[in-house]
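Colleague: Before I ask anything, here is the structure I am working with.
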Amino acid sequence: MVFPLFFIAITLISDLYTWQGIRTVSGFFLPDAAHRWLKISYWSFTVIMLLGLFAGYLSIAGKETYTLLFRVFVNAFFAYLAAKMFFGVFLLAEDLYRLVLASFRATGLFGGYHSFALPARHIAFSMSGFVVFVMIIGLFVHGIFYNRHNYKVHRVSLSIENLPPAFDGFRMVQISDFHAGSFHGLREARKGFGIIKSLDADLLVFTGDMVNNRAAEMEKFVDDFRSIQPPMGKFSILGNHDYGDYIPWKYAGEEAVNRSRLIELEQQAGFGVLINAHVPLVRNGDTIYLAGVENWGNNFVRKGDLRKALEGIPVGETIILLSHDPSHWDKEVKSYHTPVALTLSGHTHGFQFGFETPWFKWSPVALMYREWSGLSEENGLYRYINRGFGFIGLEGRVGIRPEITLIELKRAK
């Protein structure tokens with residue numbers, strides 16, 4: 001019961017605080033009768049939300065898949081909570097101002113002593129917070145019903161030291177975090193597959209989390225993946241969700257069987273699955289190496305073996321590494337004795353919530369990952385973090401669109 005009690009507590013606390021701002025706004029603009037109806041409606045919505053969350057929680061008890069009831073109320077909860085948190089920033093700023101003002105008045109610095117009392121809320125703070133509150137809800141509605149499949153192609157051009165001449169202009173597509181179990185049909189994913197095909201790249205790489213938990217989630221997508229046929233093939237690795245660690249299994253060894261089945265399905269789809277291994281990519285007589293490791297996470301599954309993946313690659317060759325969790329680059333790859341020219345990762349999803357502009361980007365995932373999307377460079381070595389193709393948890397993407405990355409390699413001059 002910890003799960004529903006947490007939702008009840010956070011809902012009630014945030015609703016009590018948010019109501020202070022909404023009450024200020026409604027009291028300024030609405031007559032008393034309308035204000036009373038708004039109060040009844042506001043707290044009725046809170047009750048409906050809590051009952052819906054509780055009923056949704058009961059509806060998934062003992063199940064591995066989310067029911068429609070659960071999905072509807074969890075998505076609504078996250079949208080409403082985020083809006084209240086942004087509203088709360090304005091209310092908190094005003095409360096700090098009110099506290100300072102009341103303290104000064106109580107000291108007599110403003111001509112005469114006064115008893116300590118917080119001044120009334122000002123309409124400017126509450127109205128500003130209310131506008132942002134409405135905007136955030138609008139962004140979540142857009143993110144859930146449209147933006148979650150509004151695929152964006154990020155084009156990246158990289159100058160690589162000692163890149164063989166035949167690979168100058170080599171183009172590869174990276175996708176990550178497909179999360180097959182989160183798709184409710186084929187149409188939405190096929191939009192992305194069509195974009196991948198239109199890019200006409202030389203190579204396709206997938207950097208982990210093909211499924212949420214079970215290999216069976218991928219079965220309906222095998223033919224669509226198989227239809228993507230770049231001239232130099234397709235390669236994939238496993239992510240933390242591909243191990244099935246987030247659900248109970250009926251018998252010992254079932255988890256390993258599931259993982260083997262997932263690898264088999266990916267191979268049927270035309271992927272070469274790199275399990276701590278590498279393959280040479282040969283073009284017009286020149287060679288670079290593509291390596292892939294199992295998941296190596298700072299706080300997740302850690303089965304990746306970089307030494308094994310790179311073993312046997314000749315010294316001085318250009319290496320591209322697929323490693324699901326970007327923390328692997330920070331903790332091991334970038335300082336490894338064998339230089340890895342480019343590491344491709346995913347995992348973060350950009351939290352499926354945030355803001356990105358050419359000058360500024362922010363997402364709550366920054367609390368866990370200093371770099372959570374896009375390109376990083378250190379001492380001539382690169383890492384690129386894909387924002388993910390699919391989604392999990394929140395069935396939407398607010399500000400962080402699903403990504404298809406097109407990377408072009410150039411010889412450094």
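Just so we're on the same page: first chain in the structure tokens is A, next is B, and so on; residues restart at 1 for each chain, and ligands are numbered from 1 in the order they show up.
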Which residues of segment 244-336 of chain A sit at most 7 Å from segment 164-170 of chain A, using only C-alpha atoms? Give each one's shortest atom pair and distance in Å (one decimal place), in chain and ascending residue order, as CSV.
Modeller:
```
residue,atom,partner,partner_atom,distance
A:Arg283,CA,A:Ala166,CA,6.1
A:Asn284,CA,A:Ala166,CA,6.0
A:Asp286,CA,A:Ala166,CA,5.9
```
Colleague: I need the residues in segment 150-374 of chain A that are helix (DSSP H, G or I) according to DSSP; give them as a ChimeraX atom specification.
Modeller: /A:165-167,180-182,187-199,215-226,240-243,254-268,306-310,327-331,333-335,349-352,364-367
Colleague: In Å to one decimal, how far is atom CA of Arg383 of chain A from atom CA of Ser345 of chain A?
Modeller: 7.4 Å
Colleague: So that I can check the surroundings of segment 130-143 of chain A, please list as a CSV table (one decimal) with C-alpha atoms, in the first residue's frame every protein, DNA and RNA residue that reaches within 12 Å of it, counting only C-alpha atoms and ignoring chain neighbours fewer than 4 positions away.
Modeller:
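As written to disk, part.csv reads:
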```csv
chain,number,residue,atom,x,y,z
A,18,THR,CA,-1.9,25.3,-5.2
A,19,TRP,CA,-5.4,26.2,-3.9
A,20,GLN,CA,-4.0,29.2,-2.2
A,21,GLY,CA,-3.0,30.7,-5.6
A,22,ILE,CA,-6.1,29.7,-7.4
A,23,ARG,CA,-8.2,31.1,-4.5
A,24,THR,CA,-6.4,34.4,-4.9
A,25,VAL,CA,-7.0,34.5,-8.6
A,26,SER,CA,-10.7,33.5,-8.4
A,72,VAL,CA,-5.2,7.4,-17.9
A,75,ASN,CA,-0.7,10.3,-17.0
A,76,ALA,CA,-3.2,12.8,-15.6
A,77,PHE,CA,-1.5,12.7,-12.2
A,78,PHE,CA,2.0,13.5,-13.7
A,79,ALA,CA,0.6,16.3,-15.9
A,80,TYR,CA,-1.3,17.9,-13.0
A,81,LEU,CA,1.6,17.4,-10.5
A,82,ALA,CA,4.1,19.1,-12.9
A,83,ALA,CA,1.7,22.0,-13.4
A,84,LYS,CA,1.2,22.4,-9.6
A,85,MET,CA,5.0,22.3,-9.1
A,86,PHE,CA,5.6,25.2,-11.5
A,87,PHE,CA,2.7,27.1,-9.9
A,88,GLY,CA,4.3,26.4,-6.6
A,89,VAL,CA,7.5,28.1,-7.6
A,90,PHE,CA,5.6,31.4,-7.9
A,91,LEU,CA,3.8,30.8,-4.6
A,123,ILE,CA,-2.7,38.9,-7.5
A,124,ALA,CA,0.5,39.4,-9.6
A,125,PHE,CA,2.3,36.3,-8.2
A,126,SER,CA,-0.8,34.1,-8.2
A,147,ASN,CA,4.6,14.8,-29.4
A,148,ARG,CA,5.3,11.3,-28.2
A,149,HIS,CA,5.5,10.2,-31.9
A,150,ASN,CA,6.7,13.5,-33.3
A,151,TYR,CA,10.0,12.1,-34.3
A,352,GLN,CA,10.6,12.7,-21.6
A,353,PHE,CA,10.2,16.1,-20.0
A,354,GLY,CA,12.3,19.2,-20.4
A,355,PHE,CA,13.2,22.3,-22.4
A,391,PHE,CA,8.6,6.1,-24.1
A,394,LEU,CA,4.6,8.8,-18.8
A,395,GLU,CA,2.9,8.1,-22.2
A,396,GLY,CA,4.2,11.3,-23.7
A,397,ARG,CA,7.1,13.6,-24.4
A,398,VAL,CA,6.9,17.1,-23.1
A,399,GLY,CA,9.6,19.3,-24.7
A,400,ILE,CA,11.8,16.3,-25.5
A,401,ARG,CA,10.8,14.8,-28.8
A,402,PRO,CA,11.6,11.2,-29.7
```
Colleague: Mind checking which residues fall within 7 Å of Phe389 of chain A, counting only C-alpha atoms, ignoring those fewer than 6 positions away in the same chain, and posting them as a ChimeraX atom specification?
Modeller: /A:175-178,402-404
Colleague: Run DSSP on the backbone and give me the residues of segment 13-179 of chain A it puts in strand (DSSP E or B), as a tab-separated table (two decimals) with N, CA and C atoms, in the first residue's frame.
Modeller:
```tsv
chain	number	residue	atom	x	y	z
A	152	LYS	N	12.00	13.49	-34.31
A	152	LYS	CA	12.90	14.55	-34.77
A	152	LYS	C	14.23	13.94	-35.19
A	153	VAL	N	14.71	14.32	-36.36
A	153	VAL	CA	16.01	13.86	-36.83
A	153	VAL	C	17.08	14.86	-36.37
A	154	HIS	N	18.00	14.38	-35.56
A	154	HIS	CA	19.15	15.19	-35.13
A	154	HIS	C	20.33	14.82	-36.02
A	155	ARG	N	20.86	15.79	-36.73
A	155	ARG	CA	21.96	15.55	-37.66
A	155	ARG	C	23.28	15.99	-37.00
A	156	VAL	N	24.23	15.07	-36.97
A	156	VAL	CA	25.51	15.30	-36.31
A	156	VAL	C	26.64	14.99	-37.28
A	157	SER	N	27.57	15.92	-37.43
A	157	SER	CA	28.75	15.71	-38.26
A	157	SER	C	29.98	15.72	-37.36
A	158	LEU	N	30.79	14.66	-37.43
A	158	LEU	CA	31.94	14.52	-36.54
A	158	LEU	C	33.23	14.37	-37.33
A	159	SER	N	34.24	15.12	-36.94
A	159	SER	CA	35.57	14.98	-37.52
A	159	SER	C	36.38	14.02	-36.66
A	160	ILE	N	36.78	12.91	-37.24
A	160	ILE	CA	37.46	11.84	-36.50
A	160	ILE	C	38.91	11.76	-36.94
A	171	ARG	N	27.71	7.47	-43.24
A	171	ARG	CA	26.50	7.92	-42.54
A	171	ARG	C	25.83	6.76	-41.84
A	172	MET	N	25.51	6.97	-40.57
A	172	MET	CA	24.81	5.92	-39.82
A	172	MET	C	23.68	6.54	-39.01
A	173	VAL	N	22.62	5.76	-38.86
A	173	VAL	CA	21.48	6.17	-38.05
A	173	VAL	C	21.55	5.46	-36.71
A	174	GLN	N	21.34	6.22	-35.65
A	174	GLN	CA	21.23	5.64	-34.31
A	174	GLN	C	19.82	5.84	-33.79
A	175	ILE	N	19.22	4.76	-33.29
A	175	ILE	CA	17.99	4.86	-32.51
A	175	ILE	C	18.22	4.14	-31.19
```
Colleague: Excluding segment 43-46 of chain A and its own-chain neighbours fewer than 5 positions away, which residues fall within 10 Å of it when counting only C-alpha atoms? Please give them as a list in words.
Modeller: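 Neighbouring residues, sequence-local ones excluded: Ile8, Thr11, Leu12, Asp15, Leu16, Trp19, Leu38, Leu51 and Gly52 of chain A.
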Colleague: Take the selection from the previous step and output its residues with N, CA and C atoms, as an mmCIF file, in the first residue's frame.
Modeller:
```cif
data_model
loop_
_atom_site.group_PDB
_atom_site.id
_atom_site.type_symbol
_atom_site.label_atom_id
_atom_site.label_comp_id
_atom_site.auth_asym_id
_atom_site.auth_seq_id
_atom_site.Cartn_x
_atom_site.Cartn_y
_atom_site.Cartn_z
ATOM 1 N N ILE A 8 -1.417 9.650 -2.586
ATOM 2 C CA ILE A 8 -2.395 10.400 -1.785
ATOM 3 C C ILE A 8 -1.718 11.562 -1.074
ATOM 4 N N THR A 11 -0.488 14.286 -3.558
ATOM 5 C CA THR A 11 -1.632 14.980 -4.151
ATOM 6 C C THR A 11 -2.220 15.986 -3.177
ATOM 7 N N LEU A 12 -2.452 15.568 -1.945
ATOM 8 C CA LEU A 12 -3.078 16.456 -0.966
ATOM 9 C C LEU A 12 -2.179 17.647 -0.628
ATOM 10 N N ASP A 15 -2.055 19.977 -3.661
ATOM 11 C CA ASP A 15 -3.352 20.615 -3.901
ATOM 12 C C ASP A 15 -3.639 21.708 -2.881
ATOM 13 N N LEU A 16 -3.281 21.476 -1.633
ATOM 14 C CA LEU A 16 -3.497 22.499 -0.607
ATOM 15 C C LEU A 16 -2.720 23.768 -0.917
ATOM 16 N N TRP A 19 -4.098 25.508 -4.162
ATOM 17 C CA TRP A 19 -5.396 26.158 -3.936
ATOM 18 C C TRP A 19 -5.227 27.587 -3.430
ATOM 19 N N LEU A 38 -16.193 27.063 -7.829
ATOM 20 C CA LEU A 38 -14.832 26.695 -8.218
ATOM 21 C C LEU A 38 -14.165 25.877 -7.121
ATOM 22 N N LEU A 51 -9.318 8.699 -6.211
ATOM 23 C CA LEU A 51 -10.082 7.466 -6.399
ATOM 24 C C LEU A 51 -9.636 6.759 -7.683
ATOM 25 N N GLY A 52 -9.389 7.540 -8.740
ATOM 26 C CA GLY A 52 -8.942 6.964 -9.996
ATOM 27 C C GLY A 52 -7.580 6.304 -9.877
#
```
Colleague: Compile the contact shell of Met210 of chain A as a short mmCIF file (atom, residue, chain, number, x, y, z; two decimals) with N, CA and C atoms, in the first residue's frame: residues with an atom at most 8 Å away, counting only C-alpha atoms, same-chain residues fewer than 2 positions apart removed.
Modeller:
```cif
data_model
loop_
_atom_site.label_atom_id
_atom_site.label_comp_id
_atom_site.auth_asym_id
_atom_site.auth_seq_id
_atom_site.Cartn_x
_atom_site.Cartn_y
_atom_site.Cartn_z
N SER A 176 17.41 4.43 -30.21
CA SER A 176 17.61 3.85 -28.89
C SER A 176 16.28 3.80 -28.14
N ASP A 177 16.21 2.94 -27.13
CA ASP A 177 15.07 2.92 -26.21
C ASP A 177 13.74 2.84 -26.95
N PHE A 178 13.58 1.75 -27.70
CA PHE A 178 12.35 1.56 -28.46
C PHE A 178 11.16 1.28 -27.54
N HIS A 179 11.36 0.47 -26.51
CA HIS A 179 10.31 0.14 -25.54
C HIS A 179 9.04 -0.35 -26.24
N ALA A 180 9.17 -1.50 -26.89
CA ALA A 180 8.09 -2.03 -27.73
C ALA A 180 6.78 -2.17 -26.98
N GLY A 208 19.97 -0.19 -27.28
CA GLY A 208 19.42 -0.82 -26.10
C GLY A 208 18.02 -0.41 -25.68
N ASN A 212 10.18 -3.33 -22.76
CA ASN A 212 10.04 -2.89 -21.37
C ASN A 212 10.47 -4.00 -20.41
N MET A 218 8.34 -7.52 -28.66
CA MET A 218 8.96 -7.16 -29.93
C MET A 218 8.39 -7.92 -31.12
N LEU A 238 22.10 -4.66 -25.75
CA LEU A 238 21.07 -4.76 -24.72
C LEU A 238 21.14 -3.56 -23.79
N GLY A 239 19.96 -3.11 -23.34
CA GLY A 239 19.86 -2.08 -22.32
C GLY A 239 19.33 -2.68 -21.03
N HIS A 241 16.50 -2.55 -19.49
CA HIS A 241 15.16 -3.16 -19.55
C HIS A 241 15.15 -4.49 -20.27
N ASP A 242 16.15 -4.75 -21.08
CA ASP A 242 16.18 -5.98 -21.87
C ASP A 242 16.52 -7.21 -21.03
#
```
Colleague: Nearest to Tyr382 of chain A among A:Leu406, A:Leu69, A:Leu203, A:Ile319, with distances taken over only C-alpha atoms: which residue is it?
Modeller: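 Nearest to Tyr382 of chain A: A:Ile319.
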Colleague: Looking at A:Lys250, A:Arg36, A:Phe29, A:Arg226, which one is nearest to Met127 of chain A, with distances taken over only C-alpha atoms?
Modeller: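 Among the listed residues, A:Phe29 lies closest to Met127 of chain A.
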Colleague: Using only C-alpha atoms, which residues sit within 8 Å of Glu255 of chain A once same-chain residues fewer than 4 positions away are excluded, as a PDB file with N, CA and C atoms, in the first residue's frame?
Modeller:
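Saved the output as result-v1.pdb:
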```
ATOM      1  N   TYR A 243      16.882  -7.019 -19.766  1.00  0.00           N
ATOM      2  CA  TYR A 243      17.203  -8.133 -18.899  1.00  0.00           C
ATOM      3  C   TYR A 243      15.994  -8.630 -18.110  1.00  0.00           C
ATOM      4  N   GLY A 244      14.884  -7.888 -18.169  1.00  0.00           N
ATOM      5  CA  GLY A 244      13.675  -8.316 -17.468  1.00  0.00           C
ATOM      6  C   GLY A 244      13.772  -8.250 -15.964  1.00  0.00           C
ATOM      7  N   ASP A 245      14.568  -7.324 -15.460  1.00  0.00           N
ATOM      8  CA  ASP A 245      14.787  -7.247 -14.013  1.00  0.00           C
ATOM      9  C   ASP A 245      13.649  -6.568 -13.255  1.00  0.00           C
ATOM     10  N   TRP A 249       9.489 -13.395 -12.044  1.00  0.00           N
ATOM     11  CA  TRP A 249       9.480 -14.533 -12.956  1.00  0.00           C
ATOM     12  C   TRP A 249       8.989 -15.768 -12.218  1.00  0.00           C
ATOM     13  N   ARG A 259      15.612 -13.443 -22.125  1.00  0.00           N
ATOM     14  CA  ARG A 259      16.692 -12.663 -22.732  1.00  0.00           C
ATOM     15  C   ARG A 259      17.187 -13.333 -24.015  1.00  0.00           C
TER      16      ARG A 259
END
```
Colleague: Distance atom CA of Thr343 of chain A-atom CA of Tyr369 of chain A, one decimal place?
Modeller: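 Separation between atom CA of Thr343 of chain A and atom CA of Tyr369 of chain A: 16.0 Å.
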Colleague: Given only C-alpha atoms as the basis, pick out the residue of A:Asp32, A:Asp200, A:Glu377, A:Glu332 nearest to Pro231 of chain A.
Modeller: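 Nearest candidate to Pro231 of chain A out of A:Asp32, A:Asp200, A:Glu377, A:Glu332: A:Asp200.
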Colleague: By how many Å are atom CA of Gly129 of chain A and atom CA of Tyr17 of chain A apart?
Modeller: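 These atoms are spaced 12.0 Å apart.
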